[in-house]
Amino acid sequence: MARRAAGGTGVKGARRPEVRLPVLEPHEGGELEPDGDYDGLDLREADFTGQDGSGARFMDCAVTDCALDETRLRHARVLDSVLTGVRGVGTDLAEATLRDVELTDARLGGPQLHGAVLERVLIRGGKIDYLNLRTARLRDVVFEGCVLVEPDFGGARLERVEFVDCALKGADFHAATLTDVDLRGAASLEISGGLDRLSGAVISTAQLLDLAPVLAAQWGIRVEG
């Protein structure tokens, strides 16, 4: 059941994933396979650098301390799974589906999730640089306690998305559609583009004051004195 954010604004809170993993079998190693089927596995401290798991399905899995540099996971489906401490540069998750997923303490650079579908996803802790979510669909997604450097939400659709105690640096919402997006809990909020797309978001008074110079510049208002 969706909870509502505090403050009386009527913005609908995101529904968080409730992942309950079964008893897992250890992953026996070997490379990822395109369209592979990974069910109920414990994938731990594996190096998937440069491997191709495009179209693969990960169901009821725990992925812990794995390297995902240039790993190809286009069109992959990650369902009812927990990812902890994953790291990598250029991980390709374009047009992937993440549903009921917890991503904790990730260290990722330039992950590609354009056109992806994220539903009931919790991204907690860690740092993600240059996150590409262009034209993605996010529903019931929570960013909590993480650092997002220049995330790109261009053309994306965000519904019931919360930012809690996280830093947003240079976020771009160009052509995005926002519904019930709660930015009030962001520890820092820097928006580089798409300020005109924030009509479906709620921000705090302090954040509004911080954004005032950018808003004034966009609207051609000269502030003196």
# chains A, B, ... in the order shown; residues from 1 in each chain; ligands from 1

call {"tool": "closest_atom_pairs", "arguments": {"of": "region 119-179 of chain A", "to": "region 83-101 of chain A", "cutoff": "10 Å", "atoms": "only C-alpha atoms", "output": "CSV"}}
result
residue,atom,partner,partner_atom,distance
A:Glu119,CA,A:Arg99,CA,4.8
A:Arg120,CA,A:Asp100,CA,4.9
A:Val121,CA,A:Val101,CA,4.9
A:Leu122,CA,A:Val101,CA,6.4
A:Ile123,CA,A:Val101,CA,8.4
A:Arg124,CA,A:Thr84,CA,9.6
A:Gly125,CA,A:Gly85,CA,9.5
A:Gly126,CA,A:Gly85,CA,8.1
A:Lys127,CA,A:Arg87,CA,9.7
A:Ile128,CA,A:Arg87,CA,9.5
A:Asp129,CA,A:Val89,CA,9.2
A:Tyr130,CA,A:Gly90,CA,9.8
A:Leu131,CA,A:Gly90,CA,9.8
A:Asn132,CA,A:Ala94,CA,8.9
A:Leu133,CA,A:Ala94,CA,8.7
A:Arg134,CA,A:Ala94,CA,9.6
A:Thr135,CA,A:Glu95,CA,9.5
A:Ala136,CA,A:Glu95,CA,7.8
A:Arg137,CA,A:Thr97,CA,9.6
A:Leu138,CA,A:Leu98,CA,9.6
A:Arg139,CA,A:Arg99,CA,9.7
A:Asp140,CA,A:Asp100,CA,9.6
A:Val141,CA,A:Asp100,CA,9.6

call {"tool": "atom_distance", "arguments": {"atom1": "CA of Arg157 (chain A)", "atom2": "CA of Arg16 (chain A)"}}
result
17.9 Å

call {"tool": "closest_atom_pairs", "arguments": {"of": "region 56-161 of chain A", "to": "region 186-190 of chain A", "cutoff": "9 Å", "atoms": "only C-alpha atoms", "output": "CSV"}}
result
residue,atom,partner,partner_atom,distance
A:Glu144,CA,A:Ala186,CA,8.6
A:Gly145,CA,A:Ala187,CA,8.5
A:Glu150,CA,A:Glu190,CA,9.0

call {"tool": "write_last_selection", "arguments": {"atoms": "C-alpha atoms", "output": "PDB file, in the first residue's frame"}}
result
ATOM      1  CA  GLU A 144      18.203   7.204  -0.526  1.00  0.00           C
ATOM      2  CA  GLY A 145      21.514   8.323   0.942  1.00  0.00           C
ATOM      3  CA  GLU A 150      24.927  14.645 -13.410  1.00  0.00           C
TER       4      GLU A 150
END

call {"tool": "select_by_dssp", "arguments": {"residues": "region 36-189 of chain A", "states": "strand (DSSP E or B)", "output": "PyMOL selection string"}}
result
chain A and resi 37-39+41-44+47+52+57-59+62-64+67+72+77-84+87-89+92+97-109+112+117-129+132+137-144+147-149+152+157-164+167-172+177-182+188-189

call {"tool": "closest_residue", "arguments": {"among": "A:Gly55, A:Pro151, A:Gly185, A:Gly194", "to": "Ala206 (chain A)", "atoms": "only C-alpha atoms"}}
result
A:Gly185

call {"tool": "closest_residue", "arguments": {"among": "A:Gly53, A:Gly200, A:Gly110, A:Gly220", "to": "Asp35 (chain A)", "atoms": "only C-alpha atoms"}}
result
A:Gly53

call {"tool": "closest_residue", "arguments": {"among": "A:Val147, A:Asp80, A:Arg184, A:Arg72", "to": "Leu108 (chain A)", "atoms": "only C-alpha atoms"}}
result
A:Val147

call {"tool": "closest_residue", "arguments": {"among": "A:Thr71, A:Ser204, A:Ser81, A:Gln112", "to": "Leu41 (chain A)", "atoms": "only C-alpha atoms"}}
result
A:Ser81

call {"tool": "closest_residue", "arguments": {"among": "A:Asp180, A:Asp52, A:Asp60, A:Glu70", "to": "Asp39 (chain A)", "atoms": "only C-alpha atoms"}}
result
A:Asp60

call {"tool": "select_by_dssp", "arguments": {"residues": "region 40-223 of chain A", "states": "alpha helix (DSSP H)", "output": "list in words"}}
result
Thr205, Ala206, Gln207, Leu208, Leu209, Asp210, Leu211, Ala212, Pro213, Val214, Leu215, Ala216, Ala217 and Gln218 of chain A

call {"tool": "write_last_selection", "arguments": {"atoms": "N, CA and C atoms", "output": "PDB file, in the first residue's frame"}}
result
ATOM      1  N   THR A 205      10.875  25.058   0.703  1.00  0.00           N
ATOM      2  CA  THR A 205      11.099  26.501   0.574  1.00  0.00           C
ATOM      3  C   THR A 205      12.585  26.803   0.432  1.00  0.00           C
ATOM      4  N   ALA A 206      13.413  26.127   1.217  1.00  0.00           N
ATOM      5  CA  ALA A 206      14.858  26.351   1.145  1.00  0.00           C
ATOM      6  C   ALA A 206      15.399  25.987  -0.236  1.00  0.00           C
ATOM      7  N   GLN A 207      14.895  24.899  -0.802  1.00  0.00           N
ATOM      8  CA  GLN A 207      15.342  24.503  -2.138  1.00  0.00           C
ATOM      9  C   GLN A 207      14.917  25.516  -3.183  1.00  0.00           C
ATOM     10  N   LEU A 208      13.722  26.060  -3.020  1.00  0.00           N
ATOM     11  CA  LEU A 208      13.260  27.084  -3.947  1.00  0.00           C
ATOM     12  C   LEU A 208      14.192  28.290  -3.930  1.00  0.00           C
ATOM     13  N   LEU A 209      14.635  28.690  -2.739  1.00  0.00           N
ATOM     14  CA  LEU A 209      15.554  29.819  -2.624  1.00  0.00           C
ATOM     15  C   LEU A 209      16.895  29.484  -3.276  1.00  0.00           C
ATOM     16  N   ASP A 210      17.354  28.247  -3.108  1.00  0.00           N
ATOM     17  CA  ASP A 210      18.617  27.846  -3.728  1.00  0.00           C
ATOM     18  C   ASP A 210      18.523  27.856  -5.249  1.00  0.00           C
ATOM     19  N   LEU A 211      17.340  27.498  -5.763  1.00  0.00           N
ATOM     20  CA  LEU A 211      17.161  27.449  -7.214  1.00  0.00           C
ATOM     21  C   LEU A 211      16.800  28.800  -7.823  1.00  0.00           C
ATOM     22  N   ALA A 212      16.529  29.778  -6.982  1.00  0.00           N
ATOM     23  CA  ALA A 212      16.067  31.082  -7.469  1.00  0.00           C
ATOM     24  C   ALA A 212      16.990  31.697  -8.523  1.00  0.00           C
ATOM     25  N   PRO A 213      18.320  31.699  -8.337  1.00  0.00           N
ATOM     26  CA  PRO A 213      19.176  32.304  -9.365  1.00  0.00           C
ATOM     27  C   PRO A 213      19.046  31.612 -10.725  1.00  0.00           C
ATOM     28  N   VAL A 214      18.928  30.271 -10.711  1.00  0.00           N
ATOM     29  CA  VAL A 214      18.791  29.539 -11.971  1.00  0.00           C
ATOM     30  C   VAL A 214      17.442  29.842 -12.614  1.00  0.00           C
ATOM     31  N   LEU A 215      16.398  29.901 -11.791  1.00  0.00           N
ATOM     32  CA  LEU A 215      15.076  30.227 -12.316  1.00  0.00           C
ATOM     33  C   LEU A 215      15.051  31.633 -12.900  1.00  0.00           C
ATOM     34  N   ALA A 216      15.680  32.568 -12.196  1.00  0.00           N
ATOM     35  CA  ALA A 216      15.717  33.942 -12.689  1.00  0.00           C
ATOM     36  C   ALA A 216      16.432  34.038 -14.027  1.00  0.00           C
ATOM     37  N   ALA A 217      17.536  33.297 -14.157  1.00  0.00           N
ATOM     38  CA  ALA A 217      18.302  33.325 -15.410  1.00  0.00           C
ATOM     39  C   ALA A 217      17.476  32.724 -16.540  1.00  0.00           C
ATOM     40  N   GLN A 218      16.744  31.650 -16.236  1.00  0.00           N
ATOM     41  CA  GLN A 218      15.933  31.000 -17.271  1.00  0.00           C
ATOM     42  C   GLN A 218      14.821  31.895 -17.742  1.00  0.00           C
TER      43      GLN A 218
END

call {"tool": "residues_around", "arguments": {"residues": "Gln51 (chain A)", "least_positions_apart": "4", "cutoff": "10 Å", "atoms": "only C-alpha atoms", "output": "PyMOL selection string"}}
result
chain A and resi 31-34+47+68-73

call {"tool": "write_last_selection", "arguments": {"atoms": "all heavy atoms", "output": "compact mmCIF listing (two decimals), in the first residue's frame"}}
result
# COMPACT_ATOMS: atom_id res chain seq x y z
N GLU A 31 30.93 -17.54 -17.47
CA GLU A 31 30.53 -16.24 -18.00
C GLU A 31 29.02 -16.13 -18.13
O GLU A 31 28.31 -17.14 -18.25
CB GLU A 31 31.20 -16.00 -19.36
CG GLU A 31 32.70 -15.84 -19.27
CD GLU A 31 33.27 -15.23 -20.53
OE1 GLU A 31 32.49 -14.94 -21.48
OE2 GLU A 31 34.50 -15.01 -20.58
N LEU A 32 28.56 -14.89 -18.10
CA LEU A 32 27.15 -14.64 -18.36
C LEU A 32 26.82 -15.04 -19.80
O LEU A 32 27.67 -14.95 -20.68
CB LEU A 32 26.83 -13.16 -18.15
CG LEU A 32 27.01 -12.60 -16.73
CD1 LEU A 32 26.75 -11.10 -16.73
CD2 LEU A 32 26.08 -13.31 -15.75
N GLU A 33 25.59 -15.44 -20.00
CA GLU A 33 25.16 -15.85 -21.34
C GLU A 33 23.99 -15.00 -21.80
O GLU A 33 23.09 -14.70 -21.00
CB GLU A 33 24.74 -17.32 -21.33
CG GLU A 33 25.85 -18.29 -20.98
CD GLU A 33 25.36 -19.72 -20.98
OE1 GLU A 33 24.16 -19.93 -21.26
OE2 GLU A 33 26.19 -20.62 -20.71
N PRO A 34 23.98 -14.58 -23.06
CA PRO A 34 22.80 -13.87 -23.58
C PRO A 34 21.55 -14.72 -23.39
O PRO A 34 21.58 -15.95 -23.62
CB PRO A 34 23.13 -13.68 -25.06
CG PRO A 34 24.64 -13.73 -25.12
CD PRO A 34 25.04 -14.73 -24.07
N ASP A 47 33.69 -11.46 -11.38
CA ASP A 47 34.14 -10.44 -12.31
C ASP A 47 33.45 -10.68 -13.66
O ASP A 47 33.81 -11.59 -14.40
CB ASP A 47 35.65 -10.50 -12.47
CG ASP A 47 36.19 -9.35 -13.32
OD1 ASP A 47 35.37 -8.59 -13.89
OD2 ASP A 47 37.43 -9.20 -13.41
N LEU A 68 31.20 -4.99 -12.82
CA LEU A 68 30.31 -4.90 -13.98
C LEU A 68 30.85 -3.92 -15.03
O LEU A 68 30.08 -3.28 -15.73
CB LEU A 68 28.91 -4.48 -13.54
CG LEU A 68 28.19 -5.39 -12.54
CD1 LEU A 68 26.87 -4.77 -12.10
CD2 LEU A 68 27.94 -6.77 -13.15
N ASP A 69 32.15 -3.82 -15.15
CA ASP A 69 32.73 -2.90 -16.13
C ASP A 69 32.39 -3.35 -17.55
O ASP A 69 32.73 -4.48 -17.95
CB ASP A 69 34.25 -2.84 -15.96
CG ASP A 69 34.66 -2.27 -14.62
OD1 ASP A 69 34.72 -1.03 -14.51
OD2 ASP A 69 34.90 -3.06 -13.68
N GLU A 70 31.74 -2.45 -18.29
CA GLU A 70 31.38 -2.71 -19.69
C GLU A 70 30.55 -4.00 -19.85
O GLU A 70 30.53 -4.60 -20.93
CB GLU A 70 32.63 -2.79 -20.58
CG GLU A 70 33.52 -1.55 -20.53
CD GLU A 70 32.85 -0.31 -21.13
OE1 GLU A 70 31.89 -0.48 -21.88
OE2 GLU A 70 33.33 0.81 -20.85
N THR A 71 29.87 -4.42 -18.80
CA THR A 71 29.02 -5.60 -18.89
C THR A 71 27.77 -5.27 -19.68
O THR A 71 27.12 -4.25 -19.42
CB THR A 71 28.65 -6.10 -17.49
OG1 THR A 71 29.85 -6.32 -16.74
CG2 THR A 71 27.87 -7.41 -17.56
N ARG A 72 27.41 -6.12 -20.64
CA ARG A 72 26.26 -5.87 -21.50
C ARG A 72 25.05 -6.63 -20.96
O ARG A 72 25.02 -7.87 -20.98
CB ARG A 72 26.59 -6.29 -22.94
CG ARG A 72 27.72 -5.47 -23.54
CD ARG A 72 28.00 -5.82 -24.99
NE ARG A 72 28.46 -7.19 -25.18
CZ ARG A 72 29.70 -7.59 -24.95
NH1 ARG A 72 30.60 -6.74 -24.48
NH2 ARG A 72 30.04 -8.85 -25.17
N LEU A 73 24.08 -5.86 -20.50
CA LEU A 73 22.85 -6.43 -19.93
C LEU A 73 21.62 -5.77 -20.56
O LEU A 73 20.60 -5.60 -19.90
CB LEU A 73 22.85 -6.24 -18.41
CG LEU A 73 23.91 -7.04 -17.65
CD1 LEU A 73 24.08 -6.51 -16.24
CD2 LEU A 73 23.53 -8.53 -17.61

call {"tool": "atom_distance", "arguments": {"atom1": "CA of Ala175 (chain A)", "atom2": "CA of Phe153 (chain A)"}}
result
8.4 Å

call {"tool": "decode", "arguments": {"residues": "region 120-132 of chain A", "atoms": "all heavy atoms", "output": "PDB file, in the first residue's frame"}}
result
ATOM      1  N   ARG A 120       9.267  -0.219  -8.300  1.00  0.00           N
ATOM      2  CA  ARG A 120       9.556  -0.624  -6.923  1.00  0.00           C
ATOM      3  C   ARG A 120      11.041  -0.945  -6.793  1.00  0.00           C
ATOM      4  O   ARG A 120      11.447  -2.093  -6.549  1.00  0.00           O
ATOM      5  CB  ARG A 120       8.681  -1.785  -6.484  1.00  0.00           C
ATOM      6  CG  ARG A 120       7.218  -1.421  -6.376  1.00  0.00           C
ATOM      7  CD  ARG A 120       6.387  -2.551  -5.777  1.00  0.00           C
ATOM      8  NE  ARG A 120       6.473  -3.761  -6.580  1.00  0.00           N
ATOM      9  CZ  ARG A 120       5.735  -3.995  -7.662  1.00  0.00           C
ATOM     10  NH1 ARG A 120       4.848  -3.085  -8.080  1.00  0.00           N
ATOM     11  NH2 ARG A 120       5.873  -5.127  -8.335  1.00  0.00           N
ATOM     12  N   VAL A 121      11.848   0.116  -6.915  1.00  0.00           N
ATOM     13  CA  VAL A 121      13.300  -0.004  -6.833  1.00  0.00           C
ATOM     14  C   VAL A 121      13.809   0.945  -5.753  1.00  0.00           C
ATOM     15  O   VAL A 121      13.410   2.112  -5.694  1.00  0.00           O
ATOM     16  CB  VAL A 121      13.973   0.320  -8.186  1.00  0.00           C
ATOM     17  CG1 VAL A 121      15.487   0.358  -8.044  1.00  0.00           C
ATOM     18  CG2 VAL A 121      13.559  -0.692  -9.247  1.00  0.00           C
ATOM     19  N   LEU A 122      14.693   0.439  -4.894  1.00  0.00           N
ATOM     20  CA  LEU A 122      15.347   1.246  -3.871  1.00  0.00           C
ATOM     21  C   LEU A 122      16.833   1.305  -4.188  1.00  0.00           C
ATOM     22  O   LEU A 122      17.497   0.261  -4.258  1.00  0.00           O
ATOM     23  CB  LEU A 122      15.123   0.634  -2.481  1.00  0.00           C
ATOM     24  CG  LEU A 122      15.938   1.244  -1.323  1.00  0.00           C
ATOM     25  CD1 LEU A 122      15.585   2.712  -1.128  1.00  0.00           C
ATOM     26  CD2 LEU A 122      15.720   0.446  -0.037  1.00  0.00           C
ATOM     27  N   ILE A 123      17.349   2.517  -4.399  1.00  0.00           N
ATOM     28  CA  ILE A 123      18.778   2.732  -4.631  1.00  0.00           C
ATOM     29  C   ILE A 123      19.308   3.448  -3.399  1.00  0.00           C
ATOM     30  O   ILE A 123      19.003   4.620  -3.170  1.00  0.00           O
ATOM     31  CB  ILE A 123      19.013   3.540  -5.917  1.00  0.00           C
ATOM     32  CG1 ILE A 123      18.458   2.768  -7.120  1.00  0.00           C
ATOM     33  CG2 ILE A 123      20.499   3.824  -6.099  1.00  0.00           C
ATOM     34  CD1 ILE A 123      18.511   3.536  -8.424  1.00  0.00           C
ATOM     35  N   ARG A 124      20.098   2.734  -2.598  1.00  0.00           N
ATOM     36  CA  ARG A 124      20.488   3.259  -1.282  1.00  0.00           C
ATOM     37  C   ARG A 124      22.009   3.255  -1.142  1.00  0.00           C
ATOM     38  O   ARG A 124      22.669   2.253  -1.377  1.00  0.00           O
ATOM     39  CB  ARG A 124      19.862   2.392  -0.188  1.00  0.00           C
ATOM     40  CG  ARG A 124      20.218   2.829   1.245  1.00  0.00           C
ATOM     41  CD  ARG A 124      19.351   2.113   2.248  1.00  0.00           C
ATOM     42  NE  ARG A 124      19.381   0.670   2.021  1.00  0.00           N
ATOM     43  CZ  ARG A 124      18.424  -0.169   2.436  1.00  0.00           C
ATOM     44  NH1 ARG A 124      17.351   0.290   3.055  1.00  0.00           N
ATOM     45  NH2 ARG A 124      18.538  -1.462   2.218  1.00  0.00           N
ATOM     46  N   GLY A 125      22.548   4.413  -0.745  1.00  0.00           N
ATOM     47  CA  GLY A 125      23.979   4.531  -0.532  1.00  0.00           C
ATOM     48  C   GLY A 125      24.756   4.503  -1.845  1.00  0.00           C
ATOM     49  O   GLY A 125      24.204   4.384  -2.936  1.00  0.00           O
ATOM     50  N   GLY A 126      26.069   4.643  -1.724  1.00  0.00           N
ATOM     51  CA  GLY A 126      26.932   4.570  -2.893  1.00  0.00           C
ATOM     52  C   GLY A 126      26.953   5.853  -3.707  1.00  0.00           C
ATOM     53  O   GLY A 126      26.394   6.882  -3.328  1.00  0.00           O
ATOM     54  N   LYS A 127      27.593   5.762  -4.856  1.00  0.00           N
ATOM     55  CA  LYS A 127      27.751   6.906  -5.756  1.00  0.00           C
ATOM     56  C   LYS A 127      27.619   6.436  -7.193  1.00  0.00           C
ATOM     57  O   LYS A 127      28.211   5.425  -7.582  1.00  0.00           O
ATOM     58  CB  LYS A 127      29.114   7.566  -5.546  1.00  0.00           C
ATOM     59  CG  LYS A 127      29.331   8.811  -6.389  1.00  0.00           C
ATOM     60  CD  LYS A 127      30.725   9.356  -6.189  1.00  0.00           C
ATOM     61  CE  LYS A 127      30.953  10.610  -7.042  1.00  0.00           C
ATOM     62  NZ  LYS A 127      32.360  11.058  -7.021  1.00  0.00           N
ATOM     63  N   ILE A 128      26.806   7.166  -7.963  1.00  0.00           N
ATOM     64  CA  ILE A 128      26.610   6.841  -9.372  1.00  0.00           C
ATOM     65  C   ILE A 128      26.878   8.108 -10.186  1.00  0.00           C
ATOM     66  O   ILE A 128      26.199   9.126 -10.021  1.00  0.00           O
ATOM     67  CB  ILE A 128      25.186   6.333  -9.650  1.00  0.00           C
ATOM     68  CG1 ILE A 128      24.863   5.128  -8.753  1.00  0.00           C
ATOM     69  CG2 ILE A 128      25.043   5.945 -11.113  1.00  0.00           C
ATOM     70  CD1 ILE A 128      23.456   4.590  -8.925  1.00  0.00           C
ATOM     71  N   ASP A 129      27.880   8.050 -11.044  1.00  0.00           N
ATOM     72  CA  ASP A 129      28.240   9.184 -11.898  1.00  0.00           C
ATOM     73  C   ASP A 129      27.619   9.014 -13.280  1.00  0.00           C
ATOM     74  O   ASP A 129      27.676   7.931 -13.875  1.00  0.00           O
ATOM     75  CB  ASP A 129      29.761   9.283 -12.046  1.00  0.00           C
ATOM     76  CG  ASP A 129      30.464   9.564 -10.724  1.00  0.00           C
ATOM     77  OD1 ASP A 129      29.896  10.298  -9.901  1.00  0.00           O
ATOM     78  OD2 ASP A 129      31.573   9.031 -10.519  1.00  0.00           O
ATOM     79  N   TYR A 130      27.049  10.110 -13.798  1.00  0.00           N
ATOM     80  CA  TYR A 130      26.544  10.165 -15.171  1.00  0.00           C
ATOM     81  C   TYR A 130      25.526   9.050 -15.464  1.00  0.00           C
ATOM     82  O   TYR A 130      25.608   8.365 -16.482  1.00  0.00           O
ATOM     83  CB  TYR A 130      27.707  10.118 -16.177  1.00  0.00           C
ATOM     84  CG  TYR A 130      28.815  11.071 -15.823  1.00  0.00           C
ATOM     85  CD1 TYR A 130      30.075  10.609 -15.437  1.00  0.00           C
ATOM     86  CD2 TYR A 130      28.587  12.443 -15.825  1.00  0.00           C
ATOM     87  CE1 TYR A 130      31.082  11.487 -15.083  1.00  0.00           C
ATOM     88  CE2 TYR A 130      29.592  13.339 -15.478  1.00  0.00           C
ATOM     89  CZ  TYR A 130      30.834  12.857 -15.105  1.00  0.00           C
ATOM     90  OH  TYR A 130      31.829  13.731 -14.739  1.00  0.00           O
ATOM     91  N   LEU A 131      24.584   8.901 -14.582  1.00  0.00           N
ATOM     92  CA  LEU A 131      23.507   7.921 -14.747  1.00  0.00           C
ATOM     93  C   LEU A 131      22.616   8.335 -15.913  1.00  0.00           C
ATOM     94  O   LEU A 131      22.044   9.421 -15.909  1.00  0.00           O
ATOM     95  CB  LEU A 131      22.703   7.835 -13.453  1.00  0.00           C
ATOM     96  CG  LEU A 131      21.421   7.001 -13.451  1.00  0.00           C
ATOM     97  CD1 LEU A 131      21.720   5.548 -13.780  1.00  0.00           C
ATOM     98  CD2 LEU A 131      20.718   7.117 -12.100  1.00  0.00           C
ATOM     99  N   ASN A 132      22.492   7.460 -16.887  1.00  0.00           N
ATOM    100  CA  ASN A 132      21.702   7.760 -18.084  1.00  0.00           C
ATOM    101  C   ASN A 132      20.346   7.073 -17.977  1.00  0.00           C
ATOM    102  O   ASN A 132      20.236   5.867 -18.170  1.00  0.00           O
ATOM    103  CB  ASN A 132      22.442   7.287 -19.331  1.00  0.00           C
ATOM    104  CG  ASN A 132      21.684   7.585 -20.616  1.00  0.00           C
ATOM    105  OD1 ASN A 132      20.548   8.080 -20.579  1.00  0.00           O
ATOM    106  ND2 ASN A 132      22.281   7.297 -21.752  1.00  0.00           N
TER     107      ASN A 132
END
